[in-house]
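The file data-v5.txt comes next; it holds compact mmCIF, N, CA and C atoms.
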# COMPACT_ATOMS: atom_id res chain seq x y z
N MET A 1 36.35 76.46 245.76
CA MET A 1 35.36 75.47 245.37
C MET A 1 33.99 75.80 245.97
N ARG A 2 33.98 76.15 247.26
CA ARG A 2 32.73 76.47 247.94
C ARG A 2 32.06 77.68 247.28
N ALA A 3 32.82 78.66 246.85
CA ALA A 3 32.27 79.84 246.19
C ALA A 3 31.61 79.46 244.87
N LYS A 4 32.22 78.54 244.13
CA LYS A 4 31.64 78.11 242.86
C LYS A 4 30.31 77.39 243.09
N VAL A 5 30.25 76.58 244.13
CA VAL A 5 29.00 75.88 244.45
C VAL A 5 27.92 76.87 244.85
N LEU A 6 28.29 77.88 245.64
CA LEU A 6 27.32 78.88 246.07
C LEU A 6 26.75 79.68 244.89
N ILE A 7 27.52 79.85 243.86
CA ILE A 7 27.05 80.55 242.67
C ILE A 7 26.26 79.59 241.77
N PHE A 8 26.72 78.38 241.65
CA PHE A 8 26.14 77.39 240.75
C PHE A 8 24.71 76.98 241.17
N VAL A 9 24.49 76.77 242.46
CA VAL A 9 23.19 76.31 242.96
C VAL A 9 22.07 77.31 242.63
N PRO A 10 22.20 78.60 242.92
CA PRO A 10 21.13 79.54 242.56
C PRO A 10 20.89 79.64 241.05
N VAL A 11 21.94 79.52 240.27
CA VAL A 11 21.79 79.58 238.81
C VAL A 11 20.95 78.41 238.33
N ILE A 12 21.25 77.21 238.79
CA ILE A 12 20.48 76.02 238.40
C ILE A 12 19.04 76.12 238.90
N ALA A 13 18.85 76.55 240.13
CA ALA A 13 17.50 76.69 240.68
C ALA A 13 16.68 77.69 239.86
N SER A 14 17.29 78.79 239.48
CA SER A 14 16.60 79.79 238.65
C SER A 14 16.22 79.22 237.30
N ALA A 15 17.11 78.46 236.70
CA ALA A 15 16.83 77.86 235.39
C ALA A 15 15.62 76.94 235.47
N PHE A 16 15.55 76.12 236.51
CA PHE A 16 14.38 75.24 236.68
C PHE A 16 13.11 76.04 236.92
N ALA A 17 13.19 77.06 237.74
CA ALA A 17 12.01 77.86 238.06
C ALA A 17 11.46 78.54 236.82
N PHE A 18 12.32 79.17 236.04
CA PHE A 18 11.85 79.89 234.85
C PHE A 18 11.43 78.96 233.73
N SER A 19 12.06 77.82 233.60
CA SER A 19 11.67 76.90 232.52
C SER A 19 10.30 76.31 232.79
N SER A 20 9.97 75.98 234.02
CA SER A 20 8.66 75.42 234.32
C SER A 20 7.58 76.48 234.17
N ALA A 21 7.87 77.73 234.55
CA ALA A 21 6.89 78.80 234.39
C ALA A 21 6.61 79.05 232.92
N SER A 22 7.66 79.03 232.13
CA SER A 22 7.49 79.22 230.69
C SER A 22 6.68 78.09 230.08
N TRP A 23 6.97 76.86 230.49
CA TRP A 23 6.23 75.71 229.96
C TRP A 23 4.76 75.82 230.33
N ALA A 24 4.48 76.15 231.58
CA ALA A 24 3.09 76.24 232.03
C ALA A 24 2.35 77.33 231.28
N HIS A 25 3.02 78.44 230.99
CA HIS A 25 2.38 79.55 230.30
C HIS A 25 1.97 79.17 228.88
N HIS A 26 2.72 78.32 228.24
CA HIS A 26 2.44 77.96 226.86
C HIS A 26 1.81 76.59 226.69
N ALA A 27 1.20 76.05 227.72
CA ALA A 27 0.59 74.73 227.66
C ALA A 27 -0.88 74.84 227.27
N SER A 28 -1.17 75.42 226.10
CA SER A 28 -2.55 75.66 225.70
C SER A 28 -3.35 74.38 225.53
N ARG A 29 -2.69 73.28 225.16
CA ARG A 29 -3.42 72.01 224.98
C ARG A 29 -4.00 71.51 226.29
N GLN A 30 -3.41 71.90 227.41
CA GLN A 30 -3.93 71.46 228.70
C GLN A 30 -5.08 72.33 229.19
N VAL A 31 -5.21 73.52 228.65
CA VAL A 31 -6.23 74.46 229.10
C VAL A 31 -7.42 74.51 228.15
N TYR A 32 -7.17 74.36 226.85
CA TYR A 32 -8.21 74.54 225.84
C TYR A 32 -8.57 73.23 225.14
N GLU A 33 -9.83 73.13 224.73
CA GLU A 33 -10.31 71.97 223.97
C GLU A 33 -9.60 71.89 222.62
N GLY A 34 -9.65 70.73 221.99
CA GLY A 34 -9.05 70.57 220.68
C GLY A 34 -9.97 71.02 219.55
N LYS A 35 -11.28 71.03 219.80
CA LYS A 35 -12.27 71.37 218.77
C LYS A 35 -12.68 72.83 218.90
N SER A 36 -12.75 73.52 217.77
CA SER A 36 -13.11 74.94 217.75
C SER A 36 -14.61 75.15 217.80
N ILE A 37 -15.01 76.31 218.32
CA ILE A 37 -16.40 76.75 218.30
C ILE A 37 -16.44 78.16 217.71
N THR A 38 -17.63 78.61 217.34
CA THR A 38 -17.81 79.97 216.84
C THR A 38 -18.85 80.67 217.70
N LEU A 39 -18.53 81.89 218.10
CA LEU A 39 -19.41 82.72 218.93
C LEU A 39 -19.62 84.07 218.27
N MET A 40 -20.81 84.64 218.47
CA MET A 40 -21.07 85.99 218.00
C MET A 40 -21.44 86.84 219.21
N GLY A 41 -20.89 88.05 219.26
CA GLY A 41 -21.20 88.91 220.39
C GLY A 41 -20.71 90.32 220.20
N VAL A 42 -20.78 91.09 221.28
CA VAL A 42 -20.43 92.50 221.27
C VAL A 42 -19.17 92.70 222.13
N VAL A 43 -18.21 93.43 221.59
CA VAL A 43 -16.95 93.67 222.28
C VAL A 43 -17.21 94.56 223.51
N THR A 44 -16.75 94.07 224.68
CA THR A 44 -16.90 94.83 225.92
C THR A 44 -15.55 95.34 226.44
N ASP A 45 -14.45 94.72 226.01
CA ASP A 45 -13.12 95.15 226.42
C ASP A 45 -12.09 94.59 225.44
N TYR A 46 -11.01 95.33 225.25
CA TYR A 46 -9.94 94.92 224.34
C TYR A 46 -8.64 95.38 224.96
N GLU A 47 -7.88 94.44 225.52
CA GLU A 47 -6.63 94.75 226.20
C GLU A 47 -5.45 94.42 225.29
N TRP A 48 -4.76 95.42 224.83
CA TRP A 48 -3.58 95.30 223.99
C TRP A 48 -2.39 95.24 224.94
N ALA A 49 -2.00 94.04 225.36
CA ALA A 49 -1.00 93.94 226.43
C ALA A 49 -0.22 92.62 226.35
N ASN A 50 0.95 92.61 226.98
CA ASN A 50 1.73 91.39 227.14
C ASN A 50 1.27 90.67 228.39
N PRO A 51 1.37 89.37 228.50
CA PRO A 51 1.99 88.48 227.54
C PRO A 51 1.06 88.11 226.39
N HIS A 52 -0.27 88.30 226.56
CA HIS A 52 -1.23 88.05 225.48
C HIS A 52 -2.32 89.10 225.56
N SER A 53 -2.70 89.61 224.43
CA SER A 53 -3.84 90.52 224.39
C SER A 53 -5.11 89.71 224.62
N VAL A 54 -6.12 90.37 225.18
CA VAL A 54 -7.37 89.70 225.51
C VAL A 54 -8.53 90.53 224.98
N LEU A 55 -9.48 89.85 224.36
CA LEU A 55 -10.69 90.47 223.85
C LEU A 55 -11.85 89.90 224.65
N SER A 56 -12.64 90.76 225.27
CA SER A 56 -13.81 90.32 226.03
C SER A 56 -15.06 90.65 225.22
N VAL A 57 -15.97 89.67 225.16
CA VAL A 57 -17.15 89.78 224.32
C VAL A 57 -18.38 89.29 225.09
N ALA A 58 -19.46 90.06 225.02
CA ALA A 58 -20.74 89.65 225.60
C ALA A 58 -21.47 88.80 224.57
N VAL A 59 -21.74 87.55 224.93
CA VAL A 59 -22.36 86.58 224.01
C VAL A 59 -23.67 86.10 224.62
N LYS A 60 -24.74 86.06 223.83
CA LYS A 60 -26.02 85.52 224.30
C LYS A 60 -26.00 84.01 224.11
N ASP A 61 -26.39 83.27 225.18
CA ASP A 61 -26.48 81.82 225.06
C ASP A 61 -27.82 81.44 224.41
N ASP A 62 -28.10 80.15 224.33
CA ASP A 62 -29.33 79.66 223.68
C ASP A 62 -30.61 80.16 224.35
N LYS A 63 -30.53 80.50 225.63
CA LYS A 63 -31.70 80.96 226.38
C LYS A 63 -31.79 82.48 226.44
N GLY A 64 -30.88 83.18 225.77
CA GLY A 64 -30.89 84.63 225.76
C GLY A 64 -30.11 85.28 226.88
N LYS A 65 -29.51 84.47 227.75
CA LYS A 65 -28.70 85.00 228.85
C LYS A 65 -27.36 85.46 228.30
N VAL A 66 -26.91 86.66 228.72
CA VAL A 66 -25.64 87.20 228.25
C VAL A 66 -24.51 86.68 229.13
N GLU A 67 -23.49 86.13 228.48
CA GLU A 67 -22.30 85.63 229.16
C GLU A 67 -21.08 86.35 228.62
N GLU A 68 -20.16 86.67 229.51
CA GLU A 68 -18.91 87.33 229.10
C GLU A 68 -17.87 86.27 228.77
N TRP A 69 -17.35 86.30 227.54
CA TRP A 69 -16.29 85.40 227.10
C TRP A 69 -15.00 86.22 226.95
N HIS A 70 -13.88 85.58 227.24
CA HIS A 70 -12.58 86.23 227.15
C HIS A 70 -11.71 85.43 226.18
N ALA A 71 -11.33 86.08 225.08
CA ALA A 71 -10.53 85.43 224.04
C ALA A 71 -9.07 85.83 224.17
N GLU A 72 -8.21 84.84 224.35
CA GLU A 72 -6.77 85.09 224.41
C GLU A 72 -6.24 85.14 222.98
N ILE A 73 -5.47 86.20 222.68
CA ILE A 73 -4.99 86.38 221.31
C ILE A 73 -3.50 86.12 221.29
N LEU A 74 -2.72 87.11 220.97
CA LEU A 74 -1.26 87.02 220.85
C LEU A 74 -0.63 88.20 221.58
N PRO A 75 0.69 88.18 221.76
CA PRO A 75 1.36 89.39 222.24
C PRO A 75 1.24 90.49 221.18
N PRO A 76 1.23 91.75 221.58
CA PRO A 76 1.07 92.85 220.62
C PRO A 76 2.04 92.81 219.43
N THR A 77 3.30 92.46 219.65
CA THR A 77 4.25 92.44 218.53
C THR A 77 3.84 91.42 217.47
N GLU A 78 3.36 90.26 217.90
CA GLU A 78 2.91 89.24 216.94
C GLU A 78 1.59 89.64 216.29
N MET A 79 0.74 90.35 217.04
CA MET A 79 -0.52 90.82 216.47
C MET A 79 -0.26 91.82 215.35
N LEU A 80 0.72 92.71 215.56
CA LEU A 80 1.07 93.66 214.50
C LEU A 80 1.49 92.93 213.24
N ARG A 81 2.32 91.89 213.39
CA ARG A 81 2.77 91.10 212.23
C ARG A 81 1.60 90.39 211.55
N ALA A 82 0.57 90.05 212.32
CA ALA A 82 -0.59 89.36 211.77
C ALA A 82 -1.63 90.32 211.21
N GLY A 83 -1.36 91.63 211.28
CA GLY A 83 -2.28 92.60 210.68
C GLY A 83 -3.20 93.32 211.65
N TRP A 84 -3.08 93.06 212.95
CA TRP A 84 -3.90 93.73 213.95
C TRP A 84 -3.32 95.10 214.28
N THR A 85 -4.17 95.97 214.80
CA THR A 85 -3.73 97.23 215.41
C THR A 85 -4.54 97.41 216.69
N LYS A 86 -4.20 98.44 217.46
CA LYS A 86 -4.98 98.74 218.65
C LYS A 86 -6.42 99.11 218.29
N GLU A 87 -6.60 99.57 217.08
CA GLU A 87 -7.93 100.00 216.62
C GLU A 87 -8.64 98.95 215.78
N SER A 88 -8.16 97.72 215.75
CA SER A 88 -8.76 96.68 214.92
C SER A 88 -10.20 96.38 215.30
N VAL A 89 -10.50 96.44 216.59
CA VAL A 89 -11.88 96.25 217.06
C VAL A 89 -12.22 97.40 218.01
N ARG A 90 -13.51 97.70 218.08
CA ARG A 90 -13.97 98.81 218.91
C ARG A 90 -14.97 98.31 219.95
N LEU A 91 -14.98 98.96 221.08
CA LEU A 91 -15.98 98.63 222.09
C LEU A 91 -17.37 98.82 221.49
N GLY A 92 -18.25 97.87 221.75
CA GLY A 92 -19.61 97.93 221.22
C GLY A 92 -19.78 97.32 219.84
N GLU A 93 -18.66 96.95 219.19
CA GLU A 93 -18.72 96.37 217.85
C GLU A 93 -19.15 94.90 217.93
N GLU A 94 -19.99 94.49 216.97
CA GLU A 94 -20.36 93.08 216.87
C GLU A 94 -19.27 92.33 216.12
N VAL A 95 -18.84 91.20 216.69
CA VAL A 95 -17.80 90.38 216.08
C VAL A 95 -18.20 88.90 216.14
N THR A 96 -17.56 88.13 215.29
CA THR A 96 -17.71 86.68 215.30
C THR A 96 -16.35 86.09 215.62
N LEU A 97 -16.27 85.27 216.67
CA LEU A 97 -15.03 84.67 217.12
C LEU A 97 -15.02 83.18 216.82
N THR A 98 -13.89 82.66 216.40
CA THR A 98 -13.71 81.22 216.25
C THR A 98 -12.45 80.84 217.00
N GLY A 99 -12.56 79.82 217.84
CA GLY A 99 -11.41 79.38 218.61
C GLY A 99 -11.75 78.18 219.47
N ARG A 100 -10.76 77.78 220.26
CA ARG A 100 -10.90 76.61 221.13
C ARG A 100 -11.30 77.06 222.54
N PRO A 101 -12.44 76.56 223.04
CA PRO A 101 -12.90 76.96 224.38
C PRO A 101 -12.10 76.29 225.49
N GLY A 102 -12.19 76.86 226.69
CA GLY A 102 -11.55 76.26 227.85
C GLY A 102 -12.13 74.90 228.16
N LYS A 103 -11.30 74.01 228.66
CA LYS A 103 -11.71 72.63 228.97
C LYS A 103 -12.59 72.53 230.21
N TYR A 104 -12.48 73.47 231.11
CA TYR A 104 -13.10 73.30 232.42
C TYR A 104 -14.26 74.24 232.65
N ALA A 105 -15.09 74.43 231.63
CA ALA A 105 -16.32 75.22 231.70
C ALA A 105 -16.10 76.71 231.93
N GLN A 106 -14.85 77.17 231.82
CA GLN A 106 -14.63 78.61 231.88
C GLN A 106 -15.09 79.19 230.55
N ARG A 107 -15.43 80.44 230.55
CA ARG A 107 -15.80 81.10 229.30
C ARG A 107 -14.57 81.81 228.75
N ILE A 108 -13.57 81.00 228.38
CA ILE A 108 -12.35 81.51 227.77
C ILE A 108 -12.18 80.83 226.42
N LEU A 109 -11.42 81.49 225.56
CA LEU A 109 -11.27 81.00 224.19
C LEU A 109 -9.86 81.29 223.71
N TRP A 110 -9.20 80.30 223.12
CA TRP A 110 -7.91 80.48 222.46
C TRP A 110 -8.27 80.90 221.04
N LEU A 111 -8.23 82.20 220.76
CA LEU A 111 -8.74 82.74 219.50
C LEU A 111 -7.92 82.28 218.31
N GLU A 112 -8.60 81.72 217.32
CA GLU A 112 -7.97 81.37 216.05
C GLU A 112 -8.12 82.54 215.08
N TYR A 113 -9.35 83.08 215.01
CA TYR A 113 -9.58 84.28 214.19
C TYR A 113 -10.91 84.90 214.58
N LEU A 114 -11.08 86.16 214.19
CA LEU A 114 -12.36 86.82 214.36
C LEU A 114 -12.71 87.55 213.08
N VAL A 115 -13.99 87.82 212.92
CA VAL A 115 -14.48 88.60 211.79
C VAL A 115 -15.16 89.82 212.36
N THR A 116 -14.72 91.01 211.92
CA THR A 116 -15.27 92.26 212.41
C THR A 116 -16.62 92.54 211.76
N SER A 117 -17.31 93.56 212.23
CA SER A 117 -18.63 93.91 211.69
C SER A 117 -18.58 94.32 210.23
N ASP A 118 -17.39 94.80 209.76
CA ASP A 118 -17.27 95.17 208.35
C ASP A 118 -16.69 94.03 207.50
N GLY A 119 -16.60 92.82 208.07
CA GLY A 119 -16.19 91.65 207.31
C GLY A 119 -14.70 91.36 207.28
N LYS A 120 -13.90 92.14 208.01
CA LYS A 120 -12.45 91.92 208.01
C LYS A 120 -12.12 90.73 208.90
N LYS A 121 -11.30 89.81 208.39
CA LYS A 121 -10.89 88.63 209.14
C LYS A 121 -9.50 88.86 209.73
N LEU A 122 -9.38 88.69 211.05
CA LEU A 122 -8.12 88.85 211.76
C LEU A 122 -7.82 87.57 212.54
N GLY A 123 -6.59 87.10 212.43
CA GLY A 123 -6.24 85.86 213.12
C GLY A 123 -4.84 85.91 213.67
N ARG A 124 -4.24 84.73 213.77
CA ARG A 124 -2.90 84.58 214.34
C ARG A 124 -1.80 84.78 213.31
N SER A 125 -2.17 84.92 212.06
CA SER A 125 -1.19 85.22 211.00
C SER A 125 -1.91 85.99 209.90
N ARG A 126 -1.15 86.60 209.02
CA ARG A 126 -1.77 87.31 207.89
C ARG A 126 -2.42 86.31 206.97
N ASN A 127 -3.62 86.62 206.51
CA ASN A 127 -4.34 85.70 205.61
C ASN A 127 -4.11 86.03 204.17

Full structure transcribed into structure tokens:
Amino acid sequence: MRAKVLIFVPVIASAFAFSSASWAHHASRQVYEGKSITLMGVVTDYEWANPHSVLSVAVKDDKGKVEEWHAEILPPTEMLRAGWTKESVRLGEEVTLTGRPGKYAQRILWLEYLVTSDGKKLGRSRN
């Protein structure tokens, strides 16, 4: 009986630990605003990586000051299904981003879609 308890307790503890981490990772409503914005800028970095790819863009604000925004996209496997490739955007390319900004004044964006300099629209699913 004692051996079963010793095995059971770590299993339950692990289940709670991983379930809360998973929930926190996917709680986008708590991190991002509900209303979308559109930004135009120049790609400064494009990370094709798990758990989410990230696109960094230099955006000029209303006063001409350049701010770096970071757009969270999808995991690479889902991006491939949605029509993205590693070469979908290039460093230095002008893009237009639409998505939900961070709630707490961070310059982050939950990307809904972007439009490349040649007019191609890429989003979270095939259009």

request  = Output as a list in words all residues of range 37-125 of chain A that backbone DSSP marks as alpha helix (DSSP H).
outcome  =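 Everything in range 37-125 of chain A that counts as alpha helix (DSSP H) is Pro76, Thr77, Glu78, Met79, Leu80 and Arg81 of chain A.
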
inquiry  = Is it possible to get the residues within 10 Å of (-24.0, 89.2, 222.9) (coordinates as in the file, counting only C-alpha atoms) written as a VMD selection string?
reply    = chain A and resid 39 to 44 57 to 61 64 to 69 92 94 to 95

Writer output for current selection, N, CA and C atoms, as a short mmCIF file (atom, residue, chain, number, x, y, z; two decimals), keeping the file's coordinate frame:
data_model
loop_
_atom_site.label_atom_id
_atom_site.label_comp_id
_atom_site.auth_asym_id
_atom_site.auth_seq_id
_atom_site.Cartn_x
_atom_site.Cartn_y
_atom_site.Cartn_z
N LEU A 39 -18.53 81.89 218.10
CA LEU A 39 -19.41 82.72 218.93
C LEU A 39 -19.62 84.07 218.27
N MET A 40 -20.81 84.64 218.47
CA MET A 40 -21.07 85.99 218.00
C MET A 40 -21.44 86.84 219.21
N GLY A 41 -20.89 88.05 219.26
CA GLY A 41 -21.20 88.91 220.39
C GLY A 41 -20.71 90.32 220.20
N VAL A 42 -20.78 91.09 221.28
CA VAL A 42 -20.43 92.50 221.27
C VAL A 42 -19.17 92.70 222.13
N VAL A 43 -18.21 93.43 221.59
CA VAL A 43 -16.95 93.67 222.28
C VAL A 43 -17.21 94.56 223.51
N THR A 44 -16.75 94.07 224.68
CA THR A 44 -16.90 94.83 225.92
C THR A 44 -15.55 95.34 226.44
N VAL A 57 -15.97 89.67 225.16
CA VAL A 57 -17.15 89.78 224.32
C VAL A 57 -18.38 89.29 225.09
N ALA A 58 -19.46 90.06 225.02
CA ALA A 58 -20.74 89.65 225.60
C ALA A 58 -21.47 88.80 224.57
N VAL A 59 -21.74 87.55 224.93
CA VAL A 59 -22.36 86.58 224.01
C VAL A 59 -23.67 86.10 224.62
N LYS A 60 -24.74 86.06 223.83
CA LYS A 60 -26.02 85.52 224.30
C LYS A 60 -26.00 84.01 224.11
N ASP A 61 -26.39 83.27 225.18
CA ASP A 61 -26.48 81.82 225.06
C ASP A 61 -27.82 81.44 224.41
N GLY A 64 -30.88 83.18 225.77
CA GLY A 64 -30.89 84.63 225.76
C GLY A 64 -30.11 85.28 226.88
N LYS A 65 -29.51 84.47 227.75
CA LYS A 65 -28.70 85.00 228.85
C LYS A 65 -27.36 85.46 228.30
N VAL A 66 -26.91 86.66 228.72
CA VAL A 66 -25.64 87.20 228.25
C VAL A 66 -24.51 86.68 229.13
N GLU A 67 -23.49 86.13 228.48
CA GLU A 67 -22.30 85.63 229.16
C GLU A 67 -21.08 86.35 228.62
N GLU A 68 -20.16 86.67 229.51
CA GLU A 68 -18.91 87.33 229.10
C GLU A 68 -17.87 86.27 228.77
N TRP A 69 -17.35 86.30 227.54
CA TRP A 69 -16.29 85.40 227.10
C TRP A 69 -15.00 86.22 226.95
N GLY A 92 -18.25 97.87 221.75
CA GLY A 92 -19.61 97.93 221.22
C GLY A 92 -19.78 97.32 219.84
N GLU A 94 -19.99 94.49 216.97
CA GLU A 94 -20.36 93.08 216.87
C GLU A 94 -19.27 92.33 216.12
N VAL A 95 -18.84 91.20 216.69
CA VAL A 95 -17.80 90.38 216.08
C VAL A 95 -18.20 88.90 216.14
#

query = In Å, how far is it from CA of Tyr104 in chain A to CA of Arg90 in chain A?
reply =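 Interatomic distance, CA of Tyr104 in chain A to CA of Arg90 in chain A: 28.9 Å.
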
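Distances from A:Thr98, A:Leu55, A:Asp62, A:Leu91 to Trp110 in chain A were compared using only N, CA and C atoms, and the smallest one belongs to A:Thr98.
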
task = Using only N, CA and C atoms, find the one residue out of A:Glu78, A:Glu47, A:Ile73, A:Ser56 that sits nearest to Glu112 in chain A.
result =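 The shortest atom-to-atom distance to Glu112 in chain A comes from A:Ile73.
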
request  = For CA of Ala71 in chain A and CA of Gly102 in chain A, determine how far apart the two atoms are, in Å to one decimal place.
outcome  =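 Result for CA of Ala71 in chain A versus CA of Gly102 in chain A: 10.0 Å, one decimal.
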
Closest of A:Ala105, A:Val54, A:Leu111, A:Ala49 to Pro76 in chain A - atom-to-atom distances counting all atoms listed in the file =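 Closest candidate: A:Ala49.
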
request  = Enter the distance from CA of Asn50 in chain A to CA of Asp118 in chain A, in Å, rounded to one decimal.
outcome  =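 According to the coordinates, CA of Asn50 in chain A and CA of Asp118 in chain A are separated by 27.0 Å.
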